[in-house]
Amino acid sequence: MTDYKYATLVTFYASTGYVGSKREEKFTLHELGWDSSMTDEETRVFLNEAHDEWLANYTDMGWYTE
């Protein structure tokens, strides 16, 4: 049995480990498009994928050569 509800608040965060480099954003499961028929495992997978998408959209990262 899951305790998740559409109003459940989820905080996504990312940090490089330096002071002031942390970014946080809060969403409800409803805002993320969660389906209440998901099992706990499906919800964990869903949240991991949603976090990955958030991270890709809100961080500037990459690599380059010199």
# chains A, B, ... in the order shown; residues from 1 in each chain; ligands from 1
>>> residues_around(residues="Thr39 in chain A", least_positions_apart="2", cutoff="12 Å", atoms="only C-alpha atoms", output="list of chain:residue names")
A:Met1, A:Thr2, A:Asp3, A:Tyr4, A:Lys5, A:Trp34, A:Asp35, A:Ser36, A:Ser37, A:Glu41, A:Glu42, A:Thr43, A:Arg44, A:Val45, A:Phe46
>>> select_by_dssp(residues="range 4-63 of chain A", states="strand (DSSP E or B)", output="PyMOL selection string")
chain A and resi 9-14+23-28
>>> residues_around(residues="Tyr13 in chain A", least_positions_apart="4", cutoff="9 Å", atoms="only C-alpha atoms", output="number ranges by chain")
A: 22-26, 51, 55
>>> closest_residue(among="A:Met61, A:Met38, A:Leu32, A:Ala56", to="Thr11 in chain A", atoms="only C-alpha atoms")
A:Leu32
>>> select_by_dssp(residues="chain A", states="alpha helix (DSSP H)", output="short mmCIF file (atom, residue, chain, number, x, y, z; two decimals) with all heavy atoms, in the first residue's frame")
data_model
loop_
_atom_site.label_atom_id
_atom_site.label_comp_id
_atom_site.auth_asym_id
_atom_site.auth_seq_id
_atom_site.Cartn_x
_atom_site.Cartn_y
_atom_site.Cartn_z
N LEU A 29 3.06 15.68 -6.81
CA LEU A 29 3.02 14.55 -7.74
C LEU A 29 2.07 14.86 -8.89
O LEU A 29 2.31 14.47 -10.04
CB LEU A 29 2.61 13.27 -7.02
CG LEU A 29 3.68 12.65 -6.13
CD1 LEU A 29 3.13 11.43 -5.40
CD2 LEU A 29 4.92 12.27 -6.93
N HIS A 30 0.99 15.56 -8.60
CA HIS A 30 0.04 15.95 -9.64
C HIS A 30 0.71 16.82 -10.70
O HIS A 30 0.52 16.61 -11.90
CB HIS A 30 -1.15 16.67 -9.02
CG HIS A 30 -2.16 17.13 -10.02
ND1 HIS A 30 -3.00 16.27 -10.67
CD2 HIS A 30 -2.45 18.37 -10.47
CE1 HIS A 30 -3.77 16.95 -11.50
NE2 HIS A 30 -3.45 18.23 -11.39
N GLU A 31 1.50 17.80 -10.28
CA GLU A 31 2.19 18.69 -11.22
C GLU A 31 3.17 17.92 -12.10
O GLU A 31 3.40 18.30 -13.26
CB GLU A 31 2.95 19.79 -10.47
CG GLU A 31 2.05 20.79 -9.81
CD GLU A 31 2.80 21.73 -8.89
OE1 GLU A 31 3.76 21.30 -8.20
OE2 GLU A 31 2.40 22.91 -8.83
N LEU A 32 3.71 16.84 -11.58
CA LEU A 32 4.67 16.04 -12.34
C LEU A 32 3.99 15.05 -13.29
O LEU A 32 4.66 14.44 -14.11
CB LEU A 32 5.60 15.28 -11.39
CG LEU A 32 6.53 16.16 -10.56
CD1 LEU A 32 7.22 15.33 -9.49
CD2 LEU A 32 7.54 16.87 -11.45
N ASP A 40 4.50 1.42 -5.81
CA ASP A 40 5.62 2.14 -5.20
C ASP A 40 6.86 2.08 -6.10
O ASP A 40 7.55 3.09 -6.27
CB ASP A 40 5.96 1.56 -3.82
CG ASP A 40 4.95 1.96 -2.76
OD1 ASP A 40 4.10 2.84 -3.03
OD2 ASP A 40 5.03 1.41 -1.65
N GLU A 41 7.15 0.92 -6.66
CA GLU A 41 8.32 0.78 -7.53
C GLU A 41 8.15 1.63 -8.79
O GLU A 41 9.09 2.30 -9.22
CB GLU A 41 8.54 -0.68 -7.91
CG GLU A 41 9.75 -0.91 -8.79
CD GLU A 41 11.07 -0.43 -8.20
OE1 GLU A 41 11.21 -0.39 -6.96
OE2 GLU A 41 11.98 -0.09 -8.99
N GLU A 42 6.98 1.62 -9.39
CA GLU A 42 6.73 2.45 -10.58
C GLU A 42 6.85 3.93 -10.24
O GLU A 42 7.36 4.72 -11.05
CB GLU A 42 5.34 2.15 -11.16
CG GLU A 42 5.23 0.79 -11.80
CD GLU A 42 3.80 0.40 -12.14
OE1 GLU A 42 2.87 0.82 -11.43
OE2 GLU A 42 3.63 -0.34 -13.13
N THR A 43 6.41 4.31 -9.04
CA THR A 43 6.53 5.70 -8.61
C THR A 43 8.00 6.09 -8.46
O THR A 43 8.40 7.18 -8.87
CB THR A 43 5.76 5.94 -7.30
OG1 THR A 43 4.37 5.68 -7.55
CG2 THR A 43 5.92 7.36 -6.80
N ARG A 44 8.81 5.22 -7.89
CA ARG A 44 10.24 5.50 -7.75
C ARG A 44 10.89 5.69 -9.12
O ARG A 44 11.67 6.62 -9.32
CB ARG A 44 10.94 4.40 -6.97
CG ARG A 44 10.75 4.54 -5.46
CD ARG A 44 11.64 3.57 -4.70
NE ARG A 44 11.12 2.21 -4.72
CZ ARG A 44 10.17 1.76 -3.92
NH1 ARG A 44 9.61 2.56 -3.04
NH2 ARG A 44 9.76 0.50 -3.99
N VAL A 45 10.57 4.82 -10.06
CA VAL A 45 11.11 4.93 -11.42
C VAL A 45 10.63 6.25 -12.06
O VAL A 45 11.41 6.98 -12.66
CB VAL A 45 10.69 3.72 -12.28
CG1 VAL A 45 11.01 3.95 -13.75
CG2 VAL A 45 11.37 2.45 -11.77
N PHE A 46 9.34 6.55 -11.90
CA PHE A 46 8.77 7.78 -12.43
C PHE A 46 9.49 9.01 -11.87
O PHE A 46 9.85 9.93 -12.62
CB PHE A 46 7.27 7.84 -12.07
CG PHE A 46 6.64 9.16 -12.33
CD1 PHE A 46 6.26 9.55 -13.60
CD2 PHE A 46 6.40 10.04 -11.28
CE1 PHE A 46 5.68 10.79 -13.83
CE2 PHE A 46 5.82 11.27 -11.50
CZ PHE A 46 5.46 11.65 -12.77
N LEU A 47 9.73 9.03 -10.55
CA LEU A 47 10.40 10.17 -9.93
C LEU A 47 11.85 10.28 -10.37
O LEU A 47 12.35 11.39 -10.57
CB LEU A 47 10.28 10.10 -8.41
CG LEU A 47 8.89 10.38 -7.87
CD1 LEU A 47 8.82 10.11 -6.37
CD2 LEU A 47 8.46 11.81 -8.18
N ASN A 48 12.53 9.16 -10.52
CA ASN A 48 13.91 9.20 -11.03
C ASN A 48 13.95 9.79 -12.43
O ASN A 48 14.82 10.61 -12.75
CB ASN A 48 14.53 7.81 -11.01
CG ASN A 48 15.00 7.40 -9.65
OD1 ASN A 48 15.38 8.22 -8.83
ND2 ASN A 48 14.98 6.10 -9.39
N GLU A 49 13.03 9.37 -13.28
CA GLU A 49 12.98 9.89 -14.65
C GLU A 49 12.61 11.38 -14.66
O GLU A 49 13.19 12.16 -15.42
CB GLU A 49 12.01 9.09 -15.49
CG GLU A 49 12.50 7.69 -15.78
CD GLU A 49 11.47 6.79 -16.45
OE1 GLU A 49 10.30 7.21 -16.62
OE2 GLU A 49 11.85 5.66 -16.81
N ALA A 50 11.66 11.77 -13.82
CA ALA A 50 11.26 13.18 -13.73
C ALA A 50 12.42 14.04 -13.23
O ALA A 50 12.65 15.14 -13.73
CB ALA A 50 10.04 13.33 -12.82
N HIS A 51 13.17 13.53 -12.26
CA HIS A 51 14.32 14.27 -11.75
C HIS A 51 15.39 14.40 -12.82
O HIS A 51 15.97 15.47 -13.01
CB HIS A 51 14.91 13.59 -10.51
CG HIS A 51 16.08 14.32 -9.95
ND1 HIS A 51 17.37 13.95 -10.22
CD2 HIS A 51 16.15 15.42 -9.16
CE1 HIS A 51 18.19 14.79 -9.62
NE2 HIS A 51 17.48 15.69 -8.97
N ASP A 52 15.66 13.33 -13.56
CA ASP A 52 16.64 13.38 -14.64
C ASP A 52 16.25 14.43 -15.69
O ASP A 52 17.10 15.18 -16.17
CB ASP A 52 16.80 12.01 -15.31
CG ASP A 52 17.51 11.01 -14.44
OD1 ASP A 52 18.11 11.40 -13.41
OD2 ASP A 52 17.48 9.80 -14.79
N GLU A 53 14.98 14.48 -16.03
CA GLU A 53 14.50 15.47 -17.00
C GLU A 53 14.65 16.88 -16.45
O GLU A 53 15.10 17.79 -17.15
CB GLU A 53 13.04 15.19 -17.35
CG GLU A 53 12.50 16.14 -18.40
CD GLU A 53 11.06 15.84 -18.78
OE1 GLU A 53 10.64 14.67 -18.71
OE2 GLU A 53 10.36 16.79 -19.14
N TRP A 54 14.27 17.07 -15.18
CA TRP A 54 14.42 18.38 -14.54
C TRP A 54 15.89 18.80 -14.55
O TRP A 54 16.21 19.94 -14.88
CB TRP A 54 13.88 18.30 -13.11
CG TRP A 54 14.15 19.52 -12.28
CD1 TRP A 54 13.43 20.67 -12.27
CD2 TRP A 54 15.21 19.70 -11.34
NE1 TRP A 54 13.96 21.56 -11.36
CE2 TRP A 54 15.06 20.98 -10.79
CE3 TRP A 54 16.26 18.91 -10.89
CZ2 TRP A 54 15.93 21.49 -9.82
CZ3 TRP A 54 17.12 19.40 -9.94
CH2 TRP A 54 16.96 20.68 -9.42
N LEU A 55 16.76 17.89 -14.19
CA LEU A 55 18.19 18.19 -14.13
C LEU A 55 18.72 18.59 -15.51
O LEU A 55 19.46 19.56 -15.63
CB LEU A 55 18.94 16.97 -13.60
CG LEU A 55 20.40 17.16 -13.21
CD1 LEU A 55 20.55 18.23 -12.15
CD2 LEU A 55 20.97 15.84 -12.73
N ALA A 56 18.31 17.88 -16.54
CA ALA A 56 18.77 18.20 -17.90
C ALA A 56 18.24 19.55 -18.37
O ALA A 56 18.92 20.26 -19.12
CB ALA A 56 18.32 17.10 -18.85
N ASN A 57 17.06 19.93 -17.92
CA ASN A 57 16.45 21.18 -18.36
C ASN A 57 16.90 22.40 -17.58
O ASN A 57 16.79 23.52 -18.07
CB ASN A 57 14.92 21.09 -18.28
CG ASN A 57 14.35 20.21 -19.36
OD1 ASN A 57 14.88 20.13 -20.45
ND2 ASN A 57 13.28 19.51 -19.04
N TYR A 58 17.40 22.21 -16.36
CA TYR A 58 17.70 23.36 -15.50
C TYR A 58 19.15 23.46 -15.08
O TYR A 58 19.46 24.24 -14.18
CB TYR A 58 16.79 23.34 -14.27
CG TYR A 58 15.36 23.62 -14.64
CD1 TYR A 58 14.44 22.59 -14.72
CD2 TYR A 58 14.96 24.90 -14.96
CE1 TYR A 58 13.14 22.84 -15.10
CE2 TYR A 58 13.65 25.16 -15.33
CZ TYR A 58 12.75 24.13 -15.40
OH TYR A 58 11.47 24.37 -15.78
#
>>> atom_distance(atom1="CA of Thr59 in chain A", atom2="CA of Gly20 in chain A")
14.5 Å
>>> decode(residues="chain A", atoms="C-alpha atoms", output="PDB file, in the first residue's frame")
ATOM      1  CA  MET A   1       0.000   0.000   0.000  1.00  0.00           C
ATOM      2  CA  THR A   2       1.355   3.380  -0.951  1.00  0.00           C
ATOM      3  CA  ASP A   3       1.167   6.624   1.007  1.00  0.00           C
ATOM      4  CA  TYR A   4       1.548   8.735  -2.141  1.00  0.00           C
ATOM      5  CA  LYS A   5      -1.205  11.185  -3.029  1.00  0.00           C
ATOM      6  CA  TYR A   6      -1.560  13.789  -5.777  1.00  0.00           C
ATOM      7  CA  ALA A   7      -0.752  16.480  -3.182  1.00  0.00           C
ATOM      8  CA  THR A   8       2.448  14.724  -2.036  1.00  0.00           C
ATOM      9  CA  LEU A   9       5.275  17.257  -2.265  1.00  0.00           C
ATOM     10  CA  VAL A  10       8.505  16.230  -3.984  1.00  0.00           C
ATOM     11  CA  THR A  11      11.685  18.318  -3.812  1.00  0.00           C
ATOM     12  CA  PHE A  12      14.213  17.996  -6.624  1.00  0.00           C
ATOM     13  CA  TYR A  13      17.690  19.266  -5.872  1.00  0.00           C
ATOM     14  CA  ALA A  14      21.132  19.415  -7.413  1.00  0.00           C
ATOM     15  CA  SER A  15      24.429  20.614  -5.978  1.00  0.00           C
ATOM     16  CA  THR A  16      28.078  20.675  -6.973  1.00  0.00           C
ATOM     17  CA  GLY A  17      29.135  20.591  -3.346  1.00  0.00           C
ATOM     18  CA  TYR A  18      30.277  24.229  -3.244  1.00  0.00           C
ATOM     19  CA  VAL A  19      28.634  26.781  -0.959  1.00  0.00           C
ATOM     20  CA  GLY A  20      25.735  28.444  -2.743  1.00  0.00           C
ATOM     21  CA  SER A  21      25.657  25.982  -5.616  1.00  0.00           C
ATOM     22  CA  LYS A  22      22.509  24.132  -4.555  1.00  0.00           C
ATOM     23  CA  ARG A  23      19.290  24.429  -6.546  1.00  0.00           C
ATOM     24  CA  GLU A  24      15.946  23.158  -5.273  1.00  0.00           C
ATOM     25  CA  GLU A  25      12.477  23.125  -6.749  1.00  0.00           C
ATOM     26  CA  LYS A  26       9.278  21.684  -5.270  1.00  0.00           C
ATOM     27  CA  PHE A  27       6.468  19.954  -7.156  1.00  0.00           C
ATOM     28  CA  THR A  28       3.372  17.996  -6.236  1.00  0.00           C
ATOM     29  CA  LEU A  29       3.019  14.552  -7.743  1.00  0.00           C
ATOM     30  CA  HIS A  30       0.043  15.948  -9.640  1.00  0.00           C
ATOM     31  CA  GLU A  31       2.193  18.687 -11.219  1.00  0.00           C
ATOM     32  CA  LEU A  32       4.666  16.039 -12.344  1.00  0.00           C
ATOM     33  CA  GLY A  33       1.962  13.985 -14.050  1.00  0.00           C
ATOM     34  CA  TRP A  34       1.977  11.063 -11.626  1.00  0.00           C
ATOM     35  CA  ASP A  35      -0.681   8.346 -12.053  1.00  0.00           C
ATOM     36  CA  SER A  36      -2.276   7.167  -8.810  1.00  0.00           C
ATOM     37  CA  SER A  37      -2.472   3.606 -10.127  1.00  0.00           C
ATOM     38  CA  MET A  38       1.347   3.344 -10.042  1.00  0.00           C
ATOM     39  CA  THR A  39       2.927   0.932  -7.596  1.00  0.00           C
ATOM     40  CA  ASP A  40       5.625   2.143  -5.202  1.00  0.00           C
ATOM     41  CA  GLU A  41       8.315   0.785  -7.530  1.00  0.00           C
ATOM     42  CA  GLU A  42       6.732   2.446 -10.579  1.00  0.00           C
ATOM     43  CA  THR A  43       6.534   5.704  -8.612  1.00  0.00           C
ATOM     44  CA  ARG A  44      10.245   5.502  -7.749  1.00  0.00           C
ATOM     45  CA  VAL A  45      11.105   4.933 -11.424  1.00  0.00           C
ATOM     46  CA  PHE A  46       8.766   7.781 -12.430  1.00  0.00           C
ATOM     47  CA  LEU A  47      10.396  10.168  -9.934  1.00  0.00           C
ATOM     48  CA  ASN A  48      13.913   9.200 -11.028  1.00  0.00           C
ATOM     49  CA  GLU A  49      12.983   9.894 -14.650  1.00  0.00           C
ATOM     50  CA  ALA A  50      11.256  13.182 -13.732  1.00  0.00           C
ATOM     51  CA  HIS A  51      14.325  14.267 -11.747  1.00  0.00           C
ATOM     52  CA  ASP A  52      16.642  13.382 -14.644  1.00  0.00           C
ATOM     53  CA  GLU A  53      14.498  15.467 -17.003  1.00  0.00           C
ATOM     54  CA  TRP A  54      14.422  18.377 -14.543  1.00  0.00           C
ATOM     55  CA  LEU A  55      18.188  18.190 -14.134  1.00  0.00           C
ATOM     56  CA  ALA A  56      18.767  18.195 -17.896  1.00  0.00           C
ATOM     57  CA  ASN A  57      16.448  21.180 -18.361  1.00  0.00           C
ATOM     58  CA  TYR A  58      17.696  23.359 -15.503  1.00  0.00           C
ATOM     59  CA  THR A  59      21.432  22.839 -15.367  1.00  0.00           C
ATOM     60  CA  ASP A  60      24.187  23.891 -17.696  1.00  0.00           C
ATOM     61  CA  MET A  61      26.688  21.098 -17.961  1.00  0.00           C
ATOM     62  CA  GLY A  62      28.842  19.454 -20.557  1.00  0.00           C
ATOM     63  CA  TRP A  63      32.460  19.184 -21.574  1.00  0.00           C
ATOM     64  CA  TYR A  64      34.941  20.664 -24.017  1.00  0.00           C
ATOM     65  CA  THR A  65      38.484  20.173 -25.240  1.00  0.00           C
ATOM     66  CA  GLU A  66      41.330  22.670 -25.540  1.00  0.00           C
TER      67      GLU A  66
END
